[in-house]
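This report refers to the structure that appears directly beneath it.
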Number of protein chains: 2
Amino acid sequence: MKASAKDGDRLAEAVYERVKADIFEFRLLPGARFSENEIAARARVSRTPVREALLRLQREGFLEVHSKSGWRLRPLDFERFEHLYDARIVLELDAVRKLCGTQPHDSLAPLKKAWLVAPKQRLSGWIEVAQLDEAFHATLVEAAGNPELARMHADVTERIRIVRRLDFTQAERIQYTYDEHAAILRAILARKAQQATLLLRSHIEQSKLEVRKISIHRLHVAHLEAGPRNR
Amino acid sequence: MKASAKDGDRLAEAVYERVKADIFEFRLLPGARFSENEIAARARVSRTPVREALLRLQREGFLEVHSKSGWRLRPLDFERFEHLYDARIVLELDAVRKLCGTQPHDSLAPLKKAWLVAPKQRLSGWIEVAQLDEAFHATLVEAAGNPELARMHADVTERIRIVRRLDFTQAERIQYTYDEHAAILRAILARKAQQATLLLRSHIEQSKLEVRKISIHRLHVAHLEAGPRNR
DNA sequence: GCTTCCCAACTTGTATACAAGATGGGATGC
DNA sequence: GCATCCCATCTTGTATACAAGTTGGGAAGC
């Protein structure tokens, strides 16, 4: 699949998606240094669209550029991730409060179909569940009706994705996620705002905690096998 | 003051600031079309840094680009402004709740100095008051301690600035702003969360309303004197 | 072996060249 | 007068050329 031919004159966009995928799939490692020429050579394009893509990823918080010296993928910043999880809490709780204060939206119908299912029908692949989980929370915020808040939430989602996925690599966490999403959804549909917000807050706090634990573990392993690398 | 010489190799940044200033000061009008070459010629730089600046302003929601056809400043979108004001409410109320739940921060000290003053010491220039108003709300959010939420709030602030300033062109609105800010601040310092959030919500709602009224008026005038122009 | 210094090779940031699509206005046909 | 078509011109998107700062490694000196 040649990327450069049929993308409708959007090489910069293609490079952007490609580099972002490299980040999420750990082909580019946190702290790694690289140059615009390397990316350009790999993608078989010139530095111009590469630069456009990298500058965008920089603005989005993924990359750093050191003038005349090169680019690097920002190291994982757990303090930042915690702040982003807290931002999720703010945005999602507000959405749930608004949802509980209006007529039931049919925009929540797909969530019922995906999450209020018999245990046998639950998905188990961690990649699929991670996608479904993102969609659950995004749908809540979008259904609340403020596209600007939804966009902010989507930005947060992208920025924590790299660590959030780790949560679902534990099988029992998938089951908890199903249980908790179902409970949250039922509370929203029943318009129990107090209950829904409490459940959602603890659900996100729990994710935050799990990710912190796993990340620390991974960091420990990485240090053992690689020694000092970043900075 | 030559911009190109001493800016430490940051032509793109200088162009970005320049164009943004043109937007805020109505040298570029909503709906106006322009090309990269025009901007480049005015700023005496090549298209490369211009393009970098424009792409950034596009990502930030100020501009649109139509492929091979040109750029234009997005028309004022009042529905979007309302959503952004609602986003402010979400972010600032959360900040105030957090502030009321912790020990008093000395980071609020500058606010006391600026807003808890005798009527005689109040500023009256609408540009200064608009800046001070932005700083008031930004300081509240920053003091709450989550830099990510503060950054989102700052982004919102930039996007509504163009209409928000209109609020302060009415002298009595400046007085109301002083009164309301003082009341909000006192409630926060007294840790009266309920009162502080109520006051802050109605304060922002009021701003939203005023801006809507003024904007509609301005739109009306613009239509009268210019006829159909955009779209 | 150790430190210092210097330079060649990279790097980004900017300018310029080129490709190809969008567009508007005027000539043409009626 | 009016609609249609076509092309010169303008536009973005990409590639390439150039300028200037950063850096790392090896020679030189001791």
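Chain labels A, B, ... are given in the sequence in which chains occur in the structure tokens; within each chain residues are numbered consecutively from 1, and ligands are likewise numbered from 1 in the order shown.
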Inset, instruction - Would you please extract all alpha helix (DSSP H) residues from chain A, as assigned by DSSP on the backbone, and give them as a ChimeraX atom specification? - result: /A:11-24,36-43,47-59,78-100,109-115,126-143,147-164,171-189,193-226
Each residue of chain C with at least one atom at most 10 Å from chain B should appear once, together with its nearest atom pair and the corresponding distance in Å (one decimal); atoms considered: only C-alpha atoms (C1' of nucleotides); ordering: chain, then increasing residue number; output as JSON lines.
```
{"residue": "C:DG13", "atom": "C1'", "partner": "B:Asp9", "partner_atom": "CA", "distance": 7.0}
{"residue": "C:DT14", "atom": "C1'", "partner": "B:Thr48", "partner_atom": "CA", "distance": 6.7}
{"residue": "C:DA15", "atom": "C1'", "partner": "B:Ser46", "partner_atom": "CA", "distance": 6.0}
{"residue": "C:DT16", "atom": "C1'", "partner": "B:Ser46", "partner_atom": "CA", "distance": 8.5}
{"residue": "C:DA20", "atom": "C1'", "partner": "B:Lys68", "partner_atom": "CA", "distance": 9.0}
{"residue": "C:DG21", "atom": "C1'", "partner": "B:Lys68", "partner_atom": "CA", "distance": 6.1}
{"residue": "C:DA22", "atom": "C1'", "partner": "B:Ser69", "partner_atom": "CA", "distance": 5.7}
{"residue": "C:DT23", "atom": "C1'", "partner": "B:Ser69", "partner_atom": "CA", "distance": 8.0}
```
Inset, instruction - For C:DT28, please output as a list in words all residues within 12 Å (counting only C-alpha atoms (C1' of nucleotides); exclusion window: fewer than 2 positions along the same chain). - result: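 Contacts, in chain order: DG26 and DC30 of chain C; DC2, DA3, DT4, DC5 and DC6 of chain D.
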Inset, instruction - Calculate how many Å separate atom CA of A:Gln206 from atom CA of A:Asp179, rounding to one decimal. - result: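 So the answer is 13.1 Å.
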Inset, instruction - Using only C-alpha atoms (C1' of nucleotides), determine which residues of chain D fall within 10 Å of chain B; present them as a list of chain:residue names. - result: D:DC10, D:DT11, D:DT12, D:DG13, D:DA20
Legend entry - Option closest in space to B:Pro147, from B:Ala182, B:Leu91, B:Lys112, B:Leu166 [counting only C-alpha atoms]: B:Leu91
